[in-house]
file work15.json (JSON, C-alpha atoms and all ligand atoms)
[["chain", "number", "residue", "atom", "x", "y", "z"],
["A", 1497, "MET", "CA", 0.00, 0.00, 0.00],
["A", 1498, "VAL", "CA", 1.31, 3.47, -0.91],
["A", 1499, "PRO", "CA", 1.36, 5.95, 2.00],
["A", 1500, "VAL", "CA", -1.19, 8.74, 1.52],
["A", 1501, "SER", "CA", 0.32, 12.21, 2.05],
["A", 1502, "PRO", "CA", -1.89, 15.28, 1.87],
["A", 1503, "LEU", "CA", -1.30, 18.59, 0.06],
["A", 1504, "PRO", "CA", -1.13, 22.17, 1.48],
["A", 1505, "GLN", "CA", -4.35, 23.16, -0.32],
["A", 1506, "GLN", "CA", -6.43, 20.64, 1.61],
["A", 1507, "PRO", "CA", -8.48, 21.71, 4.65],
["A", 1508, "VAL", "CA", -7.79, 21.27, 8.35],
["A", 1509, "ALA", "CA", -10.65, 19.23, 9.84],
["A", 1510, "VAL", "CA", -12.02, 19.83, 13.32],
["A", 1511, "PHE", "CA", -14.65, 17.79, 15.18],
["A", 1512, "ASP", "CA", -16.62, 17.78, 18.40],
["A", 1513, "SER", "CA", -19.92, 16.37, 19.62],
["A", 1514, "GLY", "CA", -21.56, 19.76, 18.98],
["A", 1515, "VAL", "CA", -20.80, 23.47, 19.06],
["A", 1516, "GLY", "CA", -18.16, 23.27, 21.84],
["A", 1517, "GLY", "CA", -15.33, 22.74, 19.37],
["A", 1518, "LEU", "CA", -16.14, 26.12, 17.83],
["A", 1519, "THR", "CA", -14.16, 27.60, 20.73],
["A", 1520, "VAL", "CA", -11.13, 25.79, 19.27],
["A", 1521, "LEU", "CA", -12.05, 26.58, 15.66],
["A", 1522, "HIS", "CA", -12.25, 30.26, 16.58],
["A", 1523, "GLU", "CA", -8.60, 30.23, 17.71],
["A", 1524, "LEU", "CA", -7.58, 28.42, 14.53],
["A", 1525, "LEU", "CA", -9.42, 30.92, 12.31],
["A", 1526, "VAL", "CA", -7.63, 33.78, 14.05],
["A", 1527, "SER", "CA", -4.16, 32.17, 14.36],
["A", 1528, "LEU", "CA", -4.04, 30.46, 10.95],
["A", 1529, "PRO", "CA", -6.38, 32.56, 8.79],
["A", 1530, "THR", "CA", -5.07, 31.39, 5.41],
["A", 1531, "GLU", "CA", -6.12, 27.77, 6.00],
["A", 1532, "ASP", "CA", -9.41, 26.22, 4.87],
["A", 1533, "TYR", "CA", -11.41, 24.46, 7.59],
["A", 1534, "LEU", "CA", -14.03, 21.74, 7.71],
["A", 1535, "TYR", "CA", -15.89, 21.43, 11.04],
["A", 1536, "LEU", "CA", -18.06, 18.49, 12.00],
["A", 1537, "GLY", "CA", -20.45, 18.51, 14.97],
["A", 1538, "ASP", "CA", -21.71, 15.02, 15.82],
["A", 1539, "THR", "CA", -24.92, 16.45, 17.27],
["A", 1540, "ALA", "CA", -26.99, 13.29, 16.67],
["A", 1541, "ARG", "CA", -24.87, 11.50, 19.30],
["A", 1542, "LEU", "CA", -24.37, 14.32, 21.79],
["A", 1543, "PRO", "CA", -23.56, 14.36, 24.69],
["A", 1544, "TYR", "CA", -20.24, 12.56, 24.35],
["A", 1545, "GLY", "CA", -19.57, 13.13, 28.04],
["A", 1546, "ASP", "CA", -21.94, 10.31, 29.03],
["A", 1547, "ARG", "CA", -20.55, 7.80, 26.49],
["A", 1548, "THR", "CA", -18.30, 4.85, 27.26],
["A", 1549, "GLN", "CA", -14.64, 4.95, 26.24],
["A", 1550, "GLN", "CA", -15.35, 2.28, 23.60],
["A", 1551, "GLU", "CA", -18.24, 4.24, 22.08],
["A", 1552, "LEU", "CA", -16.04, 7.33, 21.89],
["A", 1553, "ARG", "CA", -13.30, 5.32, 20.16],
["A", 1554, "ASP", "CA", -15.77, 3.90, 17.62],
["A", 1555, "PHE", "CA", -17.31, 7.31, 16.89],
["A", 1556, "SER", "CA", -13.92, 9.01, 16.61],
["A", 1557, "VAL", "CA", -12.48, 6.48, 14.15],
["A", 1558, "GLU", "CA", -15.63, 6.70, 12.06],
["A", 1559, "ILE", "CA", -15.46, 10.50, 12.01],
["A", 1560, "ALA", "CA", -11.73, 10.45, 11.23],
["A", 1561, "ASP", "CA", -12.41, 8.25, 8.18],
["A", 1562, "HIS", "CA", -15.23, 10.54, 7.09],
["A", 1563, "LEU", "CA", -13.06, 13.67, 7.39],
["A", 1564, "LEU", "CA", -10.15, 12.06, 5.55],
["A", 1565, "GLU", "CA", -12.55, 11.11, 2.80],
["A", 1566, "ALA", "CA", -13.51, 14.81, 2.68],
["A", 1567, "GLY", "CA", -9.82, 15.66, 2.11],
["A", 1568, "ALA", "CA", -8.52, 16.62, 5.58],
["A", 1569, "LYS", "CA", -4.76, 17.26, 5.78],
["A", 1570, "LEU", "CA", -4.78, 17.31, 9.63],
["A", 1571, "LEU", "CA", -7.38, 16.31, 12.23],
["A", 1572, "VAL", "CA", -8.15, 18.35, 15.35],
["A", 1573, "VAL", "CA", -10.10, 16.44, 18.00],
["A", 1574, "ALA", "CA", -11.75, 19.54, 19.51],
["A", 1575, "CYS", "CA", -13.44, 17.50, 22.21],
["A", 1576, "ASN", "CA", -11.90, 16.49, 25.51],
["A", 1577, "SER", "CA", -14.05, 13.37, 25.91],
["A", 1578, "ALA", "CA", -12.98, 12.07, 22.49],
["A", 1579, "SER", "CA", -9.35, 13.20, 22.92],
["A", 1580, "ALA", "CA", -9.13, 11.42, 26.28],
["A", 1581, "ALA", "CA", -10.62, 8.17, 25.00],
["A", 1582, "ALA", "CA", -9.56, 7.99, 21.40],
["A", 1583, "LEU", "CA", -6.47, 10.01, 20.42],
["A", 1584, "ASP", "CA", -4.18, 6.96, 20.46],
["A", 1585, "THR", "CA", -6.82, 4.84, 18.72],
["A", 1586, "ILE", "CA", -7.22, 7.35, 15.87],
["A", 1587, "GLU", "CA", -3.44, 7.60, 15.45],
["A", 1588, "ALA", "CA", -3.09, 3.81, 15.35],
["A", 1589, "HIS", "CA", -5.96, 3.59, 12.86],
["A", 1590, "LEU", "CA", -4.32, 6.13, 10.52],
["A", 1591, "GLU", "CA", -0.99, 4.39, 10.82],
["A", 1592, "ALA", "CA", -2.60, 1.07, 9.89],
["A", 1593, "ARG", "CA", -4.13, 2.78, 6.84],
["A", 1594, "ARG", "CA", -0.71, 4.34, 6.11],
["A", 1595, "VAL", "CA", -2.24, 7.82, 6.09],
["A", 1596, "GLN", "CA", 0.30, 10.53, 6.94],
["A", 1597, "VAL", "CA", -2.04, 12.92, 8.72],
["A", 1598, "ASP", "CA", -1.37, 14.38, 12.18],
["A", 1599, "VAL", "CA", -4.03, 14.21, 14.89],
["A", 1600, "ILE", "CA", -4.06, 16.98, 17.51],
["A", 1601, "GLY", "CA", -6.09, 16.67, 20.72],
["A", 1602, "VAL", "CA", -6.98, 19.16, 23.43],
["A", 1603, "ILE", "CA", -5.72, 17.55, 26.67],
["A", 1604, "SER", "CA", -2.01, 18.19, 26.45],
["A", 1605, "PRO", "CA", -2.13, 21.90, 25.36],
["A", 1606, "ALA", "CA", -4.45, 22.84, 28.26],
["A", 1607, "THR", "CA", -2.44, 20.84, 30.81],
["A", 1608, "GLN", "CA", 0.84, 22.45, 29.81],
["A", 1609, "LEU", "CA", -0.61, 25.95, 30.12],
["A", 1610, "ALA", "CA", -2.18, 25.26, 33.52],
["A", 1611, "VAL", "CA", 0.91, 23.62, 35.02],
["A", 1612, "ALA", "CA", 3.20, 26.39, 33.74],
["A", 1613, "GLY", "CA", 0.82, 29.08, 35.05],
["A", 1614, "SER", "CA", 0.26, 27.68, 38.56],
["A", 1615, "ARG", "CA", 2.11, 29.29, 41.45],
["A", 1616, "SER", "CA", 0.27, 27.42, 44.21],
["A", 1617, "GLY", "CA", 0.70, 23.98, 42.64],
["A", 1618, "ARG", "CA", -3.07, 23.40, 42.93],
["A", 1619, "ILE", "CA", -5.00, 23.11, 39.69],
["A", 1620, "GLY", "CA", -8.72, 22.54, 39.18],
["A", 1621, "LEU", "CA", -10.39, 20.66, 36.36],
["A", 1622, "LEU", "CA", -14.00, 20.88, 35.19],
["A", 1623, "ALA", "CA", -14.82, 18.18, 32.62],
["A", 1624, "THR", "CA", -17.39, 15.66, 31.46],
["A", 1625, "PRO", "CA", -17.84, 12.37, 33.36],
["A", 1626, "ALA", "CA", -16.19, 10.51, 30.42],
["A", 1627, "THR", "CA", -13.09, 12.73, 30.51],
["A", 1628, "ILE", "CA", -12.72, 12.43, 34.29],
["A", 1629, "ALA", "CA", -13.25, 8.64, 34.14],
["A", 1630, "SER", "CA", -10.50, 8.28, 31.53],
["A", 1631, "GLY", "CA", -7.91, 9.69, 33.95],
["A", 1632, "ALA", "CA", -6.25, 11.45, 30.99],
["A", 1633, "TYR", "CA", -5.81, 14.82, 32.74],
["A", 1634, "ALA", "CA", -4.52, 13.22, 35.93],
["A", 1635, "ARG", "CA", -1.88, 11.39, 33.87],
["A", 1636, "ALA", "CA", -1.00, 14.50, 31.83],
["A", 1637, "VAL", "CA", -0.60, 16.68, 34.95],
["A", 1638, "ARG", "CA", 1.52, 14.03, 36.70],
["A", 1639, "ALA", "CA", 3.73, 13.72, 33.61],
["A", 1640, "ALA", "CA", 4.17, 17.51, 33.44],
["A", 1641, "ASP", "CA", 4.92, 17.96, 37.17],
["A", 1642, "ARG", "CA", 4.27, 15.30, 39.78],
["A", 1643, "HIS", "CA", 4.18, 17.87, 42.59],
["A", 1644, "VAL", "CA", 1.11, 19.60, 41.16],
["A", 1645, "GLN", "CA", -2.20, 18.59, 42.76],
["A", 1646, "LEU", "CA", -5.25, 18.21, 40.55],
["A", 1647, "GLU", "CA", -8.77, 18.71, 41.90],
["A", 1648, "SER", "CA", -11.09, 17.10, 39.31],
["A", 1649, "VAL", "CA", -14.83, 17.75, 39.14],
["A", 1650, "ALA", "CA", -17.16, 15.89, 36.77],
["A", 1651, "CYS", "CA", -19.97, 18.12, 35.50],
["A", 1652, "PRO", "CA", -22.71, 15.79, 34.21],
["A", 1653, "GLY", "CA", -25.16, 17.56, 31.93],
["A", 1654, "LEU", "CA", -23.25, 20.83, 31.66],
["A", 1655, "ALA", "CA", -22.37, 20.49, 27.96],
["A", 1656, "SER", "CA", -26.03, 19.74, 27.16],
["A", 1657, "ILE", "CA", -27.18, 22.74, 29.21],
["A", 1658, "ILE", "CA", -24.81, 24.92, 27.16],
["A", 1659, "GLU", "CA", -26.02, 23.36, 23.87],
["A", 1660, "ALA", "CA", -29.59, 24.09, 24.97],
["A", 1661, "GLY", "CA", -28.63, 27.71, 25.78],
["A", 1662, "SER", "CA", -30.02, 27.41, 29.33],
["A", 1663, "SER", "CA", -26.91, 27.99, 31.44],
["A", 1664, "PHE", "CA", -28.40, 31.10, 33.11],
["A", 1665, "ASP", "CA", -31.24, 29.02, 34.54],
["A", 1666, "GLU", "CA", -28.70, 26.52, 35.89],
["A", 1667, "ARG", "CA", -26.46, 28.94, 37.81],
["A", 1668, "GLY", "CA", -26.96, 26.98, 41.05],
["A", 1669, "ARG", "CA", -25.76, 23.80, 39.43],
["A", 1670, "VAL", "CA", -22.71, 25.52, 37.93],
["A", 1671, "ARG", "CA", -21.91, 27.04, 41.35],
["A", 1672, "GLY", "CA", -22.13, 23.55, 42.86],
["A", 1673, "TYR", "CA", -19.61, 22.21, 40.32],
["A", 1674, "CYS", "CA", -17.19, 25.01, 41.21],
["A", 1675, "ALA", "CA", -17.53, 24.63, 45.01],
["A", 1676, "PRO", "CA", -14.80, 21.94, 45.41],
["A", 1677, "LEU", "CA", -12.40, 24.09, 43.38],
["A", 1678, "ARG", "CA", -12.98, 27.07, 45.62],
["A", 1679, "ALA", "CA", -12.51, 24.87, 48.69],
["A", 1680, "ALA", "CA", -9.22, 23.50, 47.28],
["A", 1681, "GLN", "CA", -7.99, 27.07, 46.61],
["A", 1682, "VAL", "CA", -6.77, 26.31, 43.13],
["A", 1683, "ASP", "CA", -5.21, 29.13, 41.10],
["A", 1684, "GLN", "CA", -5.86, 27.64, 37.64],
["A", 1685, "VAL", "CA", -9.03, 25.95, 36.40],
["A", 1686, "ILE", "CA", -8.77, 23.89, 33.24],
["A", 1687, "LEU", "CA", -12.02, 24.10, 31.27],
["A", 1688, "GLY", "CA", -11.69, 20.45, 30.28],
["A", 1689, "CYS", "CA", -14.66, 20.43, 27.93],
["A", 1690, "THR", "CA", -14.65, 22.60, 24.83],
["A", 1691, "HIS", "CA", -18.21, 23.70, 25.59],
["A", 1692, "TYR", "CA", -17.27, 25.35, 28.90],
["A", 1693, "PRO", "CA", -15.41, 28.42, 27.51],
["A", 1694, "LEU", "CA", -18.82, 29.44, 26.14],
["A", 1695, "ILE", "CA", -19.86, 30.24, 29.75],
["A", 1696, "ALA", "CA", -16.46, 31.61, 30.83],
["A", 1697, "PRO", "CA", -17.89, 34.91, 32.22],
["A", 1698, "MET", "CA", -20.23, 33.01, 34.56],
["A", 1699, "LEU", "CA", -17.46, 30.64, 35.67],
["A", 1700, "GLN", "CA", -14.99, 33.48, 36.24],
["A", 1701, "ARG", "CA", -17.48, 35.27, 38.49],
["A", 1702, "ILE", "CA", -18.01, 32.12, 40.55],
["A", 1703, "VAL", "CA", -14.35, 31.11, 40.99],
["A", 1704, "GLY", "CA", -13.17, 34.70, 41.45],
["A", 1705, "ARG", "CA", -10.92, 37.13, 39.61],
["A", 1706, "GLY", "CA", -7.68, 35.70, 40.96],
["A", 1707, "VAL", "CA", -8.18, 32.31, 39.33],
["A", 1708, "THR", "CA", -7.06, 31.77, 35.73],
["A", 1709, "LEU", "CA", -9.45, 29.87, 33.48],
["A", 1710, "VAL", "CA", -7.38, 27.74, 31.12],
["A", 1711, "THR", "CA", -8.70, 26.79, 27.69],
["A", 1712, "SER", "CA", -7.02, 24.72, 25.02],
["A", 1713, "GLY", "CA", -7.74, 26.77, 21.88],
["A", 1714, "ALA", "CA", -4.60, 28.90, 21.64],
["A", 1715, "GLY", "CA", -2.29, 25.98, 22.48],
["A", 1716, "VAL", "CA", -4.04, 23.76, 19.94],
["A", 1717, "ALA", "CA", -3.59, 26.43, 17.26],
["A", 1718, "ARG", "CA", 0.15, 26.54, 17.97],
["A", 1719, "SER", "CA", 0.40, 22.73, 17.82],
["A", 1720, "VAL", "CA", -1.48, 22.71, 14.51],
["A", 1721, "GLU", "CA", 0.85, 25.35, 13.08],
["A", 1722, "ARG", "CA", 3.94, 23.39, 14.14],
["A", 1723, "ALA", "CA", 2.56, 20.11, 12.79],
["A", 1724, "LEU", "CA", 1.66, 21.66, 9.40],
["A", 1725, "ALA", "CA", 5.02, 23.45, 9.17],
["A", 1726, "ALA", "CA", 6.91, 20.23, 9.94],
["A", 1727, "ARG", "CA", 5.23, 18.48, 7.01],
["A", 1728, "GLU", "CA", 5.41, 21.59, 4.77],
["A", 1729, "LEU", "CA", 1.63, 21.65, 4.67],
["A", 1730, "LEU", "CA", 0.90, 25.29, 5.60],
["A", 1731, "ASN", "CA", -1.33, 26.80, 2.95],
["A", 1732, "PRO", "CA", 0.90, 29.25, 1.00],
["A", 1733, "ARG", "CA", -1.92, 31.61, -0.04],
["A", 1734, "SER", "CA", -1.94, 35.18, 1.36],
["A", 1735, "GLN", "CA", -5.70, 35.79, 1.58],
["A", 1736, "GLU", "CA", -8.15, 34.32, 4.12],
["A", 1737, "GLY", "CA", -9.24, 30.75, 3.62],
["A", 1738, "GLU", "CA", -12.77, 29.34, 3.76],
["A", 1739, "TYR", "CA", -14.60, 27.39, 6.42],
["A", 1740, "ARG", "CA", -17.58, 25.08, 6.19],
["A", 1741, "PHE", "CA", -19.67, 23.03, 8.54],
["A", 1742, "GLN", "CA", -21.29, 19.63, 8.75],
["A", 1743, "CYS", "CA", -23.44, 18.11, 11.47],
["A", 1744, "THR", "CA", -25.14, 14.77, 12.04],
["A", 1745, "GLY", "CA", -28.25, 16.21, 13.72],
["A", 1746, "ASP", "CA", -30.58, 19.16, 13.17],
["A", 1747, "VAL", "CA", -28.94, 21.53, 10.70],
["A", 1748, "GLU", "CA", -30.97, 24.64, 11.59],
["A", 1749, "LEU", "CA", -30.35, 24.25, 15.29],
["A", 1750, "PHE", "CA", -26.62, 23.89, 14.69],
["A", 1751, "GLN", "CA", -26.60, 26.94, 12.44],
["A", 1752, "ALA", "CA", -28.45, 29.13, 14.95],
["A", 1753, "LEU", "CA", -26.41, 28.09, 17.97],
["A", 1754, "GLY", "CA", -23.13, 28.00, 16.04],
["A", 1755, "THR", "CA", -23.56, 31.53, 14.68],
["A", 1756, "ARG", "CA", -24.27, 32.78, 18.19],
["A", 1757, "PHE", "CA", -21.22, 31.10, 19.69],
["A", 1758, "LEU", "CA", -18.71, 31.62, 16.86],
["A", 1759, "GLN", "CA", -19.89, 35.20, 16.34],
["A", 1760, "MET", "CA", -19.20, 34.79, 12.65],
["A", 1761, "PRO", "CA", -21.59, 33.75, 9.89],
["A", 1762, "LEU", "CA", -21.73, 29.96, 9.56],
["A", 1763, "GLY", "CA", -23.11, 29.83, 6.03],
["A", 1764, "GLU", "CA", -24.79, 26.66, 4.96],
["A", 1765, "VAL", "CA", -24.46, 23.64, 7.26],
["A", 1766, "ALA", "CA", -24.50, 20.27, 5.49],
["A", 1767, "HIS", "CA", -26.21, 17.29, 7.10],
["A", 1768, "VAL", "CA", -24.15, 14.09, 7.12],
["A", 1769, "GLU", "CA", -25.15, 10.58, 8.11],
["A", 1770, "LEU", "CA", -22.54, 8.45, 9.80],
["A", 1771, "ALA", "CA", -22.98, 4.72, 9.36],
["A", 1772, "ALA", "CA", -22.93, 3.73, 13.01],
["A", 1773, "ALA", "CA", -25.11, 6.67, 14.13],
["A", 1774, "VAL", "CA", -27.01, 5.83, 17.27],
["A", 1775, "THR", "CA", -28.83, 8.50, 19.19],
["A", 1776, "ALA", "CA", -29.74, 6.50, 22.28],
["A", 1801, "LIG", "N1", -17.18, 19.33, 24.03],
["A", 1801, "LIG", "C1", -16.92, 18.00, 24.39],
["A", 1801, "LIG", "C2", -15.78, 17.84, 25.35],
["A", 1801, "LIG", "O1", -14.86, 18.63, 25.28],
["A", 1801, "LIG", "C3", -18.07, 17.06, 24.63],
["A", 1801, "LIG", "C4", -19.18, 17.50, 25.49],
["A", 1801, "LIG", "C5", -20.30, 16.47, 25.43],
["A", 1801, "LIG", "O2", -20.78, 16.20, 24.33],
["A", 1801, "LIG", "O3", -20.63, 15.93, 26.48],
["A", 1801, "LIG", "O4", -15.70, 16.92, 26.12]]
call {"tool": "encode", "arguments": {"input": "work15.json", "output": "structure tokens"}}
result
Amino acid sequence: MVPVSPLPQQPVAVFDSGVGGLTVLHELLVSLPTEDYLYLGDTARLPYGDRTQQELRDFSVEIADHLLEAGAKLLVVACNSASAAALDTIEAHLEARRVQVDVIGVISPATQLAVAGSRSGRIGLLATPATIASGAYARAVRAADRHVQLESVACPGLASIIEAGSSFDERGRVRGYCAPLRAAQVDQVILGCTHYPLIAPMLQRIVGRGVTLVTSGAGVARSVERALAARELLNPRSQEGEYRFQCTGDVELFQALGTRFLQMPLGEVAHVELAAAVTA
């Protein structure tokens, strides 16, 4: 089999369970404006945060194949739950197919920022139950600095509340999720779900001004730039590239919510069916 190597003109592909990954896409659009982007929201199977590790691996490999078929030159897993469960699996899958495409996840960029920024050595983590259960952040923090303590809080339902646009009505619940972090006196809080930066103002008010909220977007953008440069895959054009969207669920809902969160026009959103789609 001949190895498949992509070309600079091909798009960077980004995926998440829903609109959360737009917080990562936004950083990419700003940091690497000359690239083309293809974003997929797997809204038919949201929330990912309640899925098993095996389901997340199956979904992620299926989506990776779909995005490669659509011409992706690099894959960004803009979802912590999928990054935690499936990054290694996707990489192994691409290697087996002899596809020379880099896969960038969100766990390591956020961890590095938080560890480097902490003076107290106490870091908080808000994430989905799936991400916490994977232990991926605990391992990443330990690998970065074994003297740093991590206070992890699973936030069941929070990504869905954000997708539904009802976070204001759920302030009490959000405050409850933050309570252990306040008690532990952390000085950094990793927003370990790409949906959570969408309610950053509310979270900042709860945890207090002195605590830094750490998101993965900027670090991911730098990793993407380095990976593309290493393979000489940066798009050489000088004008802005294009971006387009696909989702597996309701197209209009995605368009409305996505436009609100990205604060840029989304254009047409294409509906895609994935073979193993299960909504239950
Ligand atoms: N935004 C995703 C994450 O970072 C998934 C949220 C969900 O679908 O539960 O984990």
call {"tool": "atom_distance", "arguments": {"input": "work15.json", "atom1": "atom CA of Leu1536 of chain A", "atom2": "atom CA of Phe1741 of chain A"}}
result
5.9 Å
call {"tool": "atom_distance", "arguments": {"input": "work15.json", "atom1": "atom CA of Ala1655 of chain A", "atom2": "atom CA of Thr1708 of chain A"}}
result
20.5 Å
call {"tool": "residues_near_point", "arguments": {"input": "work15.json", "point": "(-8.4, 37.1, 0.2)", "cutoff": "12 Å", "atoms": "only C-alpha atoms", "output": "list in words"}}
result
Pro1529, Thr1530, Glu1531, Asp1532, Arg1733, Ser1734, Gln1735, Glu1736, Gly1737 and Glu1738 of chain A
call {"tool": "atom_distance", "arguments": {"input": "work15.json", "atom1": "atom CA of Phe1664 of chain A", "atom2": "atom CA of Tyr1692 of chain A"}}
result
13.2 Å
call {"tool": "closest_residue", "arguments": {"input": "work15.json", "among": "A:Gly1745, A:Gly1653, A:Pro1676, A:Pro1507", "to": "ligand LIG 1801 (chain A)", "atoms": "all atoms listed in the file"}}
result
A:Gly1653
call {"tool": "residues_near_ligand", "arguments": {"input": "work15.json", "ligand": "ligand LIG 1801 (chain A)", "cutoff": "9 Å", "atoms": "only C-alpha atoms and all ligand atoms", "output": "ChimeraX atom specification"}}
result
/A:1512-1517,1538-1539,1541-1547,1573-1580,1602,1623-1627,1652-1656,1659,1687-1692
call {"tool": "residues_around", "arguments": {"input": "work15.json", "residues": "Ser1501 of chain A", "least_positions_apart": "6", "cutoff": "12 Å", "atoms": "all atoms listed in the file", "output": "ChimeraX atom specification"}}
result
/A:1564,1567-1570,1590-1591,1593-1598,1727-1729
call {"tool": "axis_aligned_box", "arguments": {"input": "work15.json", "around": "segment 1504-1510 of chain A", "padding_each_side": "4 Å", "output": "JSON"}}
result
{"center_x": -6.6, "center_y": 21.2, "center_z": 6.5, "size_x": 18.9, "size_y": 11.9, "size_z": 21.6}
call {"tool": "residues_near_point", "arguments": {"input": "work15.json", "point": "(-32.1, 20.4, 10.1)", "cutoff": "12 Å", "atoms": "all atoms listed in the file", "output": "list in words"}}
result
Thr1539, Ala1540, Gln1742, Cys1743, Thr1744, Gly1745, Asp1746, Val1747, Glu1748, Leu1749, Phe1750, Gln1751, Ala1752, Glu1764, Val1765, Ala1766, His1767 and Val1768 of chain A
call {"tool": "closest_residue", "arguments": {"input": "work15.json", "among": "A:Ser1614, A:Ser1604, A:Val1510, A:Leu1677", "to": "Ala1634 of chain A", "atoms": "all atoms listed in the file"}}
result
A:Ser1604
call {"tool": "closest_residue", "arguments": {"input": "work15.json", "among": "A:Leu1758, A:Val1520, A:Val1707, A:Leu1730", "to": "Val1572 of chain A", "atoms": "all atoms listed in the file"}}
result
A:Val1520
call {"tool": "residues_around", "arguments": {"input": "work15.json", "residues": "Ala1714 of chain A", "least_positions_apart": "6", "cutoff": "10 Å", "atoms": "only C-alpha atoms", "output": "JSON, numbers by chain"}}
result
{"A": [1519, 1520, 1521, 1522, 1523, 1524, 1526, 1527, 1605, 1606, 1609, 1720]}
call {"tool": "closest_residue", "arguments": {"input": "work15.json", "among": "A:Phe1555, A:Phe1757, A:Tyr1533, A:Phe1511", "to": "Arg1740 of chain A", "atoms": "all atoms listed in the file"}}
result
A:Tyr1533
call {"tool": "residues_around", "arguments": {"input": "work15.json", "residues": "segment 1670-1673 of chain A", "least_positions_apart": "2", "cutoff": "8 Å", "atoms": "all atoms listed in the file", "output": "JSON, numbers by chain"}}
result
{"A": [1622, 1649, 1650, 1651, 1654, 1666, 1667, 1668, 1675, 1676, 1699, 1702]}
call {"tool": "write_last_selection", "arguments": {"input": "work15.json", "atoms": "C-alpha atoms", "output": "compact mmCIF listing (two decimals), keeping the file's coordinate frame"}}
result
# COMPACT_ATOMS: atom_id res chain seq x y z
CA LEU A 1622 -14.00 20.88 35.19
CA VAL A 1649 -14.83 17.75 39.14
CA ALA A 1650 -17.16 15.89 36.77
CA CYS A 1651 -19.97 18.12 35.50
CA LEU A 1654 -23.25 20.83 31.66
CA GLU A 1666 -28.70 26.52 35.89
CA ARG A 1667 -26.46 28.94 37.81
CA GLY A 1668 -26.96 26.98 41.05
CA ALA A 1675 -17.53 24.63 45.01
CA PRO A 1676 -14.80 21.94 45.41
CA LEU A 1699 -17.46 30.64 35.67
CA ILE A 1702 -18.01 32.12 40.55
call {"tool": "closest_residue", "arguments": {"input": "work15.json", "among": "A:Ala1680, A:Ile1695, A:Cys1674, A:Ala1636", "to": "Ile1658 of chain A", "atoms": "all atoms listed in the file"}}
result
A:Ile1695
call {"tool": "closest_residue", "arguments": {"input": "work15.json", "among": "A:Val1644, A:Ala1581, A:Ser1662, A:Thr1711", "to": "Glu1551 of chain A", "atoms": "only C-alpha atoms"}}
result
A:Ala1581
call {"tool": "build_atoms", "arguments": {"input": "work15.json", "residues": "segment 1527-1537 of chain A", "atoms": "N, CA, C and O atoms", "output": "PDB file, in the coordinates of the input"}}
result
ATOM      1  N   SER A1527      -5.619  32.414  14.372  1.00  0.00           N
ATOM      2  CA  SER A1527      -4.160  32.170  14.360  1.00  0.00           C
ATOM      3  C   SER A1527      -3.652  31.735  12.987  1.00  0.00           C
ATOM      4  O   SER A1527      -2.529  32.052  12.617  1.00  0.00           O
ATOM      5  N   LEU A1528      -4.466  30.974  12.266  1.00  0.00           N
ATOM      6  CA  LEU A1528      -4.040  30.460  10.950  1.00  0.00           C
ATOM      7  C   LEU A1528      -5.117  30.803   9.920  1.00  0.00           C
ATOM      8  O   LEU A1528      -5.827  29.923   9.405  1.00  0.00           O
ATOM      9  N   PRO A1529      -5.253  32.110   9.617  1.00  0.00           N
ATOM     10  CA  PRO A1529      -6.380  32.560   8.790  1.00  0.00           C
ATOM     11  C   PRO A1529      -6.323  32.109   7.332  1.00  0.00           C
ATOM     12  O   PRO A1529      -7.354  32.116   6.650  1.00  0.00           O
ATOM     13  N   THR A1530      -5.140  31.729   6.840  1.00  0.00           N
ATOM     14  CA  THR A1530      -5.070  31.390   5.410  1.00  0.00           C
ATOM     15  C   THR A1530      -5.448  29.940   5.136  1.00  0.00           C
ATOM     16  O   THR A1530      -5.498  29.517   3.983  1.00  0.00           O
ATOM     17  N   GLU A1531      -5.716  29.175   6.207  1.00  0.00           N
ATOM     18  CA  GLU A1531      -6.120  27.770   6.000  1.00  0.00           C
ATOM     19  C   GLU A1531      -7.605  27.666   5.682  1.00  0.00           C
ATOM     20  O   GLU A1531      -8.401  28.514   6.089  1.00  0.00           O
ATOM     21  N   ASP A1532      -7.993  26.594   5.013  1.00  0.00           N
ATOM     22  CA  ASP A1532      -9.410  26.220   4.870  1.00  0.00           C
ATOM     23  C   ASP A1532      -9.735  25.262   6.007  1.00  0.00           C
ATOM     24  O   ASP A1532      -8.882  24.468   6.421  1.00  0.00           O
ATOM     25  N   TYR A1533     -10.994  25.324   6.481  1.00  0.00           N
ATOM     26  CA  TYR A1533     -11.410  24.460   7.590  1.00  0.00           C
ATOM     27  C   TYR A1533     -12.713  23.742   7.265  1.00  0.00           C
ATOM     28  O   TYR A1533     -13.612  24.308   6.636  1.00  0.00           O
ATOM     29  N   LEU A1534     -12.776  22.506   7.760  1.00  0.00           N
ATOM     30  CA  LEU A1534     -14.030  21.740   7.710  1.00  0.00           C
ATOM     31  C   LEU A1534     -14.325  21.334   9.148  1.00  0.00           C
ATOM     32  O   LEU A1534     -13.503  20.683   9.792  1.00  0.00           O
ATOM     33  N   TYR A1535     -15.514  21.725   9.648  1.00  0.00           N
ATOM     34  CA  TYR A1535     -15.890  21.430  11.040  1.00  0.00           C
ATOM     35  C   TYR A1535     -17.057  20.464  11.050  1.00  0.00           C
ATOM     36  O   TYR A1535     -18.059  20.683  10.349  1.00  0.00           O
ATOM     37  N   LEU A1536     -16.941  19.415  11.858  1.00  0.00           N
ATOM     38  CA  LEU A1536     -18.060  18.490  12.000  1.00  0.00           C
ATOM     39  C   LEU A1536     -18.537  18.431  13.456  1.00  0.00           C
ATOM     40  O   LEU A1536     -17.736  18.207  14.371  1.00  0.00           O
ATOM     41  N   GLY A1537     -19.829  18.662  13.650  1.00  0.00           N
ATOM     42  CA  GLY A1537     -20.450  18.510  14.970  1.00  0.00           C
ATOM     43  C   GLY A1537     -21.315  17.253  14.952  1.00  0.00           C
ATOM     44  O   GLY A1537     -22.263  17.170  14.172  1.00  0.00           O
TER      45      GLY A1537
END
